[in-house]
>>> print(open('protein_23.txt').read())   # compact mmCIF, C-alpha atoms
# COMPACT_ATOMS: atom_id res chain seq x y z
CA MET A 1 -39.22 -43.52 51.27
CA SER A 2 -41.52 -41.84 48.77
CA GLU A 3 -40.27 -39.68 45.93
CA LEU A 4 -41.76 -36.66 47.71
CA GLU A 5 -39.46 -37.22 50.67
CA ALA A 6 -36.37 -36.61 48.55
CA LYS A 7 -34.32 -33.77 49.95
CA GLU A 8 -34.04 -30.61 47.88
CA LEU A 9 -30.91 -28.50 48.06
CA SER A 10 -30.78 -25.23 49.90
CA ALA A 11 -29.68 -22.05 48.11
CA GLU A 12 -26.31 -22.30 49.87
CA GLU A 13 -25.83 -25.92 48.78
CA VAL A 14 -26.68 -24.99 45.18
CA LYS A 15 -24.16 -22.14 45.29
CA GLN A 16 -21.44 -24.40 46.69
CA ALA A 17 -22.11 -27.14 44.12
CA LYS A 18 -21.97 -24.63 41.26
CA ALA A 19 -18.64 -23.30 42.52
CA GLU A 20 -17.16 -26.78 42.70
CA LEU A 21 -18.43 -27.67 39.24
CA ALA A 22 -17.07 -24.45 37.74
CA GLU A 23 -13.58 -24.78 39.19
CA GLY A 24 -11.20 -24.89 36.27
CA VAL A 25 -13.78 -26.03 33.73
CA GLU A 26 -16.34 -23.27 33.63
CA ASP A 27 -15.80 -22.49 29.94
CA GLU A 28 -15.33 -26.01 28.62
CA PHE A 29 -18.90 -25.88 27.42
CA VAL A 30 -18.79 -22.56 25.56
CA ASP A 31 -20.16 -23.12 22.10
CA ALA A 32 -19.15 -21.51 18.82
CA THR A 33 -20.96 -22.59 15.68
CA GLU A 34 -20.60 -22.00 11.97
CA ASP A 35 -23.38 -22.95 9.56
CA GLY A 36 -25.02 -24.90 12.38
CA LYS A 37 -21.88 -26.93 13.13
CA GLU A 38 -19.43 -26.56 15.95
CA LYS A 39 -16.59 -24.34 14.83
CA THR A 40 -13.09 -25.83 15.05
CA PHE A 41 -9.57 -24.88 14.00
CA ASP A 42 -6.60 -26.85 12.68
CA VAL A 43 -4.04 -28.31 15.06
CA SER A 44 -0.65 -29.28 13.61
CA PRO A 45 1.12 -32.60 14.30
CA GLU A 46 3.92 -30.59 15.93
CA GLU A 47 1.47 -28.98 18.35
CA LEU A 48 -0.03 -32.37 19.18
CA SER A 49 3.49 -33.69 19.91
CA ILE A 50 4.17 -30.76 22.25
CA ILE A 51 0.98 -31.43 24.22
CA ARG A 52 1.73 -35.16 24.34
CA ALA A 53 5.25 -34.51 25.64
CA GLU A 54 4.02 -32.18 28.38
CA LEU A 55 1.35 -34.66 29.50
CA ALA A 56 3.94 -37.45 29.63
CA CYS A 57 6.22 -35.26 31.72
CA GLU A 58 3.53 -34.13 34.19
CA PHE A 59 1.51 -37.34 34.39
CA PRO A 60 3.85 -40.24 33.56
CA ASP A 61 1.53 -42.93 34.96
CA ASP A 62 -1.59 -41.86 33.05
CA TYR A 63 -0.48 -39.74 30.08
CA ASP A 64 -1.68 -42.26 27.48
CA TYR A 65 -5.27 -42.11 28.82
CA MET A 66 -6.17 -39.33 26.39
CA SER A 67 -6.23 -40.33 22.73
CA ASP A 68 -4.77 -38.11 20.02
CA ASP A 69 -8.32 -37.61 18.75
CA TYR A 70 -9.51 -36.27 22.10
CA ILE A 71 -6.51 -33.96 22.52
CA MET A 72 -7.07 -32.62 19.01
CA SER A 73 -10.78 -32.08 19.70
CA VAL A 74 -9.99 -30.04 22.82
CA ALA A 75 -7.14 -28.08 21.20
CA SER A 76 -9.16 -27.25 18.08
CA LYS A 77 -12.01 -25.50 19.86
CA PRO A 78 -12.51 -21.71 19.89
CA TYR A 79 -10.99 -19.66 22.68
CA SER A 80 -13.68 -18.76 25.22
CA LYS A 81 -12.44 -15.17 25.44
CA ASP A 82 -12.45 -14.70 21.66
CA LEU A 83 -14.48 -17.23 19.70
CA THR A 84 -12.93 -16.11 16.40
CA VAL A 85 -9.56 -17.68 17.26
CA ARG A 86 -8.38 -21.06 18.45
CA ARG A 87 -7.51 -21.76 22.05
CA PRO A 88 -3.86 -20.94 22.77
CA LEU A 89 -1.74 -24.03 23.20
CA GLU A 90 -0.95 -23.11 26.81
CA TYR A 91 -4.67 -22.77 27.53
CA THR A 92 -5.39 -26.22 26.06
CA MET A 93 -2.61 -27.70 28.15
CA GLU A 94 -4.11 -26.09 31.26
CA LYS A 95 -7.52 -27.57 30.51
CA LEU A 96 -6.14 -31.05 29.89
CA SER A 97 -4.03 -30.80 33.04
CA HIS A 98 -7.17 -30.03 35.04
CA VAL A 99 -8.68 -33.29 33.81
CA MET A 100 -5.54 -35.24 34.63
CA GLU A 101 -5.31 -33.65 38.08
CA TRP A 102 -8.93 -34.64 38.73
CA ARG A 103 -8.03 -38.21 37.74
CA GLU A 104 -5.26 -38.24 40.32
CA GLU A 105 -7.46 -36.70 43.04
CA SER A 106 -10.38 -39.05 42.37
CA GLY A 107 -8.20 -42.15 42.14
CA ALA A 108 -9.46 -42.87 38.62
CA VAL A 109 -6.11 -44.36 37.63
CA GLU A 110 -6.47 -47.02 40.36
CA MET A 111 -10.02 -48.22 39.69
CA LEU A 112 -9.09 -51.18 37.50
CA ASP A 113 -6.46 -52.30 40.02
CA LYS A 114 -9.12 -52.10 42.73
CA LEU A 115 -11.42 -54.31 40.69
CA VAL A 116 -8.64 -56.89 40.34
CA LEU A 117 -8.16 -56.71 44.11
CA ALA A 118 -11.89 -57.19 44.76
CA ASN A 119 -11.95 -60.15 42.39
CA GLY A 120 -9.17 -61.89 44.26
CA PRO A 121 -9.01 -63.76 47.56
CA ASP A 122 -9.21 -61.98 50.89
CA THR A 123 -5.90 -63.65 51.76
CA ALA A 124 -4.02 -61.72 49.06
CA THR A 125 -1.06 -59.74 50.40
CA GLU A 126 -2.52 -56.35 49.45
CA ALA A 127 -5.91 -57.22 50.94
CA VAL A 128 -4.32 -58.15 54.22
CA GLU A 129 -1.85 -55.26 54.37
CA ASP A 130 -4.34 -52.56 53.29
CA PRO A 131 -7.79 -53.57 54.59
CA ASP A 132 -9.27 -50.09 53.98
CA ARG A 133 -8.36 -50.20 50.28
CA PHE A 134 -9.66 -53.77 50.08
CA ALA A 135 -12.97 -52.72 51.67
CA LYS A 136 -13.38 -49.88 49.14
CA ALA A 137 -12.52 -52.22 46.29
CA LYS A 138 -15.19 -54.69 47.41
CA ALA A 139 -17.73 -51.87 47.77
CA MET A 140 -17.06 -50.78 44.17
CA ALA A 141 -17.49 -54.37 42.95
CA ALA A 142 -20.74 -54.60 44.91
CA SER A 143 -21.99 -51.50 43.09
CA LEU A 144 -21.16 -53.10 39.74
CA ASN A 145 -22.97 -56.27 40.81
CA TYR A 146 -26.34 -54.51 40.68
CA GLY A 147 -26.03 -54.67 36.89
CA SER A 148 -27.51 -51.19 36.69
CA MET A 149 -24.77 -49.73 34.45
CA TYR A 150 -22.96 -51.33 31.51
CA TRP A 151 -21.64 -50.71 28.00
CA HIS A 152 -23.35 -52.50 25.17
CA GLY A 153 -23.27 -51.64 21.47
CA LEU A 154 -22.66 -48.46 19.52
CA ASP A 155 -24.69 -45.70 17.95
CA LYS A 156 -24.60 -44.91 14.24
CA GLU A 157 -21.61 -42.60 14.74
CA GLY A 158 -19.59 -45.38 16.39
CA ARG A 159 -19.99 -43.99 19.90
CA PRO A 160 -20.21 -46.57 22.72
CA VAL A 161 -23.57 -46.75 24.48
CA LEU A 162 -23.73 -46.81 28.28
CA TRP A 163 -27.02 -48.27 29.51
CA ILE A 164 -28.45 -47.18 32.85
CA ARG A 165 -31.20 -49.35 34.35
CA CYS A 166 -32.74 -47.25 37.08
CA ASN A 167 -34.94 -50.02 38.46
CA ARG A 168 -31.76 -51.88 39.46
CA MET A 169 -30.21 -48.90 41.25
CA PRO A 170 -29.98 -49.22 45.06
CA TRP A 171 -32.34 -47.15 47.20
CA TYR A 172 -29.58 -46.33 49.65
CA PRO A 173 -26.38 -46.22 47.58
CA ASP A 174 -22.83 -46.20 48.85
CA VAL A 175 -22.16 -42.89 47.09
CA GLU A 176 -18.37 -43.23 46.88
CA ALA A 177 -18.55 -46.82 45.63
CA GLN A 178 -21.22 -46.03 43.06
CA VAL A 179 -19.27 -43.07 41.69
CA ASN A 180 -16.09 -45.16 41.58
CA ALA A 181 -17.92 -47.87 39.61
CA LEU A 182 -19.09 -45.27 37.11
CA ILE A 183 -15.55 -43.86 36.76
CA LEU A 184 -14.27 -47.38 36.04
CA LEU A 185 -16.98 -47.91 33.44
CA ALA A 186 -16.43 -44.50 31.83
CA ASP A 187 -12.71 -45.14 31.44
CA THR A 188 -13.39 -48.59 29.99
CA GLY A 189 -15.71 -47.17 27.34
CA ILE A 190 -13.36 -44.31 26.49
CA ARG A 191 -10.37 -46.62 26.05
CA SER A 192 -12.43 -48.82 23.70
CA MET A 193 -13.60 -46.03 21.36
CA PRO A 194 -13.06 -46.37 17.60
CA LYS A 195 -10.46 -44.09 16.04
CA GLY A 196 -11.93 -40.64 15.50
CA VAL A 197 -14.56 -41.01 18.23
CA THR A 198 -14.14 -38.97 21.42
CA ASP A 199 -17.55 -39.09 23.11
CA PHE A 200 -20.20 -41.55 24.21
CA VAL A 201 -23.97 -41.91 24.53
CA VAL A 202 -25.99 -42.74 27.65
CA ILE A 203 -29.43 -44.36 27.50
CA SER A 204 -31.36 -44.52 30.75
CA GLU A 205 -34.37 -46.77 31.26
CA SER A 206 -36.09 -44.63 33.87
CA ASN A 207 -39.34 -46.45 34.53
CA SER A 208 -38.79 -47.27 38.23
CA PRO A 209 -35.90 -45.23 39.63
CA PRO A 210 -35.12 -45.21 43.35
CA PRO A 211 -35.79 -42.05 45.37
CA PRO A 212 -33.28 -39.34 44.40
CA ASN A 213 -30.07 -39.11 46.40
CA PRO A 214 -28.88 -35.50 45.93
CA GLN A 215 -25.29 -36.13 47.02
CA PHE A 216 -24.90 -39.06 44.65
CA MET A 217 -26.31 -37.08 41.72
CA ILE A 218 -24.10 -34.07 42.44
CA ASN A 219 -21.01 -36.26 42.72
CA ILE A 220 -21.83 -37.88 39.38
CA LEU A 221 -22.30 -34.45 37.81
CA LYS A 222 -18.97 -33.27 39.25
CA ALA A 223 -17.24 -36.31 37.78
CA LEU A 224 -18.82 -35.71 34.37
CA VAL A 225 -17.99 -32.00 34.26
CA ARG A 226 -14.52 -32.09 35.82
CA GLY A 227 -13.27 -35.50 34.73
CA TYR A 228 -15.03 -36.05 31.40
CA PRO A 229 -15.59 -32.65 29.71
CA ASP A 230 -16.97 -32.93 26.18
CA ARG A 231 -17.31 -36.70 26.54
CA LEU A 232 -21.12 -36.92 26.74
CA ALA A 233 -22.67 -36.65 23.28
CA LEU A 234 -26.25 -37.38 24.35
CA LEU A 235 -28.26 -38.76 27.26
CA VAL A 236 -31.70 -40.17 26.47
CA SER A 237 -33.99 -40.94 29.40
CA ALA A 238 -37.33 -42.72 28.98
CA PRO A 239 -40.01 -42.91 30.20
CA VAL A 240 -40.14 -39.73 32.26
CA GLY A 241 -42.01 -39.80 35.56
CA THR A 242 -42.18 -37.69 38.69
CA ILE A 243 -38.84 -38.82 40.09
CA ILE A 244 -36.95 -38.05 36.88
CA GLN A 245 -38.61 -34.63 36.76
CA PHE A 246 -37.43 -34.04 40.33
CA ILE A 247 -33.88 -35.07 39.41
CA MET A 248 -33.79 -32.70 36.45
CA LYS A 249 -35.18 -29.89 38.58
CA LEU A 250 -32.29 -30.49 40.95
CA LEU A 251 -29.50 -30.85 38.38
CA ILE A 252 -30.37 -28.47 35.53
CA PRO A 253 -29.53 -25.29 37.53
CA LEU A 254 -26.10 -26.80 38.29
CA MET A 255 -25.23 -27.80 34.73
CA PRO A 256 -23.27 -25.82 32.17
CA GLY A 257 -25.75 -24.81 29.47
CA ARG A 258 -24.27 -26.95 26.75
CA LEU A 259 -24.35 -30.06 28.92
CA ALA A 260 -28.00 -29.51 29.80
CA SER A 261 -28.84 -29.31 26.08
CA LYS A 262 -27.51 -32.86 25.59
CA ILE A 263 -30.16 -34.41 27.83
CA VAL A 264 -33.31 -35.67 26.12
CA LEU A 265 -36.37 -36.76 28.11
CA GLU A 266 -38.97 -38.85 26.29
CA ASP A 267 -42.01 -40.99 26.94
CA LEU A 268 -41.61 -44.68 26.09
CA GLU A 269 -43.07 -44.45 22.57
CA ASN A 270 -41.01 -41.43 21.50
CA GLY A 271 -37.99 -42.88 23.30
CA LYS A 272 -38.24 -46.03 21.20
CA ALA A 273 -38.39 -43.93 18.02
CA LYS A 274 -35.33 -41.98 19.19
CA LEU A 275 -33.38 -45.18 19.85
CA THR A 276 -34.32 -46.58 16.44
CA GLU A 277 -32.92 -43.43 14.89
CA MET A 278 -29.65 -43.39 16.84
CA LEU A 279 -28.58 -46.99 17.57
CA LEU A 280 -26.23 -48.69 15.11
CA ASN A 281 -28.67 -51.46 14.12
CA GLY A 282 -31.77 -49.39 14.65
CA GLU A 283 -34.78 -51.14 16.14
CA ASP A 284 -32.87 -54.44 16.43
CA ASP A 285 -30.68 -52.89 19.14
CA ILE A 286 -33.55 -51.77 21.37
CA PRO A 287 -33.63 -53.91 24.53
CA THR A 288 -36.71 -55.70 25.78
CA PHE A 289 -36.95 -53.44 28.82
CA MET A 290 -37.50 -50.47 26.49
CA GLY A 291 -40.02 -52.12 24.20
CA GLY A 292 -37.62 -53.88 21.82
CA THR A 293 -36.49 -57.46 21.21
CA ASN A 294 -32.80 -57.36 22.21
CA ASP A 295 -32.38 -59.42 25.40
CA HIS A 296 -29.76 -57.68 27.55
CA ASP A 297 -30.67 -59.87 30.51
CA ALA A 298 -29.01 -62.87 28.88
CA LEU A 299 -25.68 -61.02 29.21
CA TYR A 300 -26.40 -58.77 32.20
CA PRO A 301 -28.80 -60.56 34.56
CA THR A 302 -29.58 -59.38 38.06
CA GLU A 303 -27.02 -60.22 40.73
CA GLY A 304 -28.83 -63.31 41.98
CA TYR A 305 -28.32 -65.02 38.61
CA CYS A 306 -24.61 -64.12 38.31
CA PRO A 307 -21.78 -66.46 39.33
CA ASN A 308 -18.64 -65.16 41.02
CA ARG A 309 -16.12 -64.09 38.41
CA GLY A 310 -13.07 -64.94 40.50
CA GLN A 311 -12.13 -65.65 44.08
CA GLY A 312 -13.61 -62.41 45.41
CA CYS A 313 -16.99 -60.69 45.39
CA LEU A 314 -17.27 -59.57 41.73
CA LYS A 315 -20.33 -61.09 40.03
CA PHE A 316 -20.95 -58.53 37.28
CA ASP A 317 -19.43 -59.69 33.97
CA PHE A 318 -17.07 -56.72 33.65
CA TYR A 319 -14.45 -58.51 31.57
CA GLY A 320 -17.04 -60.05 29.27
CA MET A 321 -18.60 -56.62 28.78
CA LYS A 322 -15.20 -55.18 27.88
CA GLU A 323 -14.48 -57.96 25.38
CA ARG A 324 -17.89 -57.60 23.74
CA LEU A 325 -17.49 -53.84 23.39
CA GLU A 326 -14.03 -54.22 21.87
CA LYS A 327 -15.41 -56.79 19.42
CA GLN A 328 -18.29 -54.47 18.46
CA VAL A 329 -15.84 -51.61 17.91
CA LYS A 330 -13.59 -53.84 15.77
CA GLU A 331 -16.56 -54.91 13.62
CA TYR A 332 -17.71 -51.30 13.26
CA THR A 333 -14.23 -50.14 12.29
CA ALA A 334 -14.00 -52.90 9.65
CA THR A 335 -17.09 -51.50 7.93
CA LYS A 336 -15.41 -48.09 7.69
CA ASP A 337 -12.07 -49.27 6.23
>>> encode(input="protein_23.txt", output="C-alpha cells")
Amino acid sequence: MSELEAKELSAEEVKQAKAELAEGVEDEFVDATEDGKEKTFDVSPEELSIIRAELACEFPDDYDYMSDDYIMSVASKPYSKDLTVRRPLEYTMEKLSHVMEWREESGAVEMLDKLVLANGPDTATEAVEDPDRFAKAKAMAASLNYGSMYWHGLDKEGRPVLWIRCNRMPWYPDVEAQVNALILLADTGIRSMPKGVTDFVVISESNSPPPPNPQFMINILKALVRGYPDRLALLVSAPVGTIIQFIMKLLIPLMPGRLASKIVLEDLENGKAKLTEMLLNGEDDIPTFMGGTNDHDALYPTEGYCPNRGQGCLKFDFYGMKERLEKQVKEYTATKD
C-alpha cells in the first residue's frame, strides 16, 4: 500500500467525527490568557473536598485516578461562557464526570487487569471462562510488543515523555487493541507524574510511518479529547514527510483549536534542537534514532529480541518501563525538594 492509497474521509465522516469529539467536551479547550499566561482562579480546599467526595460517590472503583493537582487545574479554569469568572463547581463536576464516564465506557479501568491476564497462562480460570476477554487482552499485549510506544524520561518541567516510533507501527493495526494499549500507557504515565504536574509530552520519530489508517487515528483523537482533556502539553513530530502531512491534513480539521496548537512538526535538524531545549538532560536525552546518543534500543528492542515477561504473550518490558519512569520521577522530585 502506498501513502497515496490512504483513504481520505468524506464530508459526512468528518461531520460525524467532529460531533463525536465535541460531545461533552467541546469547550475544554477554550483559552483565556492574562499577560501571555493561561488565566486561572483560586480553588479552596473545601471545594476540592466536595469534588473528591462526589467523584468517590459516583465512581467508587476509579475515583482516585484523578490527582488533586489535575482536579484543581480543571476547576481553576475560566468559565467558557464568561471568561472573566471561574467555572462553577457544578460545571467542573460535570466535566470531570464526562471523563470518568468515558473511562467506564472505554474499559480504561480494566486495561491493567487485562495485561496481567495476557501475561499469564492460557489455563488460568479467567482465560478459560472468558475466552473473548482473554483474546482481547492478548491482542493488546501484542500491540505493546511492537515497542512502538513507551514512556522514557521527563522534560524540564517534570512532565513524562511518551515516545512514538512510527517505523515500528504495524501497517494493518488491530485498531481496538492499539487504542487499548495507548490507554494503558497513558494511564501509567499519568499515575507516575510528579506532584504538581498534570500533563505529558509526546515525541514522535516519524521517519518511516506506515500508511495512515483513518479509523485508528480518529479513535486515538477521540480518546485524547474525551478521555484525556488538557493532558497533552506538546507533541513534537520529526522529521516530517508526505505521510505525516497527510495525517495532519486529516486530523487538524477535527481538532479543537487549542489542541492543534500543541502539535509541532519539524525537520530532523530543528527537531533535535527542539528536543535539546525541552528534555530534562538536554542533548544527552536525545535517542540515537533522532540523531542523539541515548540508546533506547537497549531497553526497548524490537519484538524479536524480547523475551516473554511471564507465562503469556507479553514481551514488551511494561513493568520495567513503569519502574524506570517512577525512579526518574523520584530523582526529579528530589532535586526540587
>>> axis_aligned_box(input="protein_23.txt", around="stretch 133-141 of chain A", padding_each_side="6 Å", output="lines of an AutoDock Vina configuration file")
center_x = -13.0
center_y = -52.3
center_z = 47.3
size_x = 21.4
size_y = 16.8
size_z = 20.7
>>> atom_distance(input="protein_23.txt", atom1="atom CA of A:Glu38", atom2="atom CA of A:Ile50")
24.8 Å
>>> atom_distance(input="protein_23.txt", atom1="atom CA of A:Val197", atom2="atom CA of A:Val240")
29.2 Å
>>> atom_distance(input="protein_23.txt", atom1="atom CA of A:Ile164", atom2="atom CA of A:Ser206")
8.1 Å
>>> residues_around(input="protein_23.txt", residues="A:Thr293", least_positions_apart="6", cutoff="10 Å", atoms="all atoms listed in the file", output="PyMOL selection string")
chain A and resi 283-287
>>> write_last_selection(input="protein_23.txt", atoms="C-alpha atoms", output="JSON list (two decimals), in the coordinates of the input")
[["chain", "number", "residue", "atom", "x", "y", "z"],
["A", 283, "GLU", "CA", -34.78, -51.14, 16.14],
["A", 284, "ASP", "CA", -32.87, -54.44, 16.43],
["A", 285, "ASP", "CA", -30.68, -52.89, 19.14],
["A", 286, "ILE", "CA", -33.55, -51.77, 21.37],
["A", 287, "PRO", "CA", -33.63, -53.91, 24.53]]
>>> closest_residue(input="protein_23.txt", among="A:Leu117, A:Leu48, A:Leu182, A:Met149", to="A:His296", atoms="all atoms listed in the file")
A:Met149
>>> residues_around(input="protein_23.txt", residues="A:Ser73", least_positions_apart="4", cutoff="10 Å", atoms="all atoms listed in the file", output="PyMOL selection string")
chain A and resi 40-43+67-69+77+196-198+230
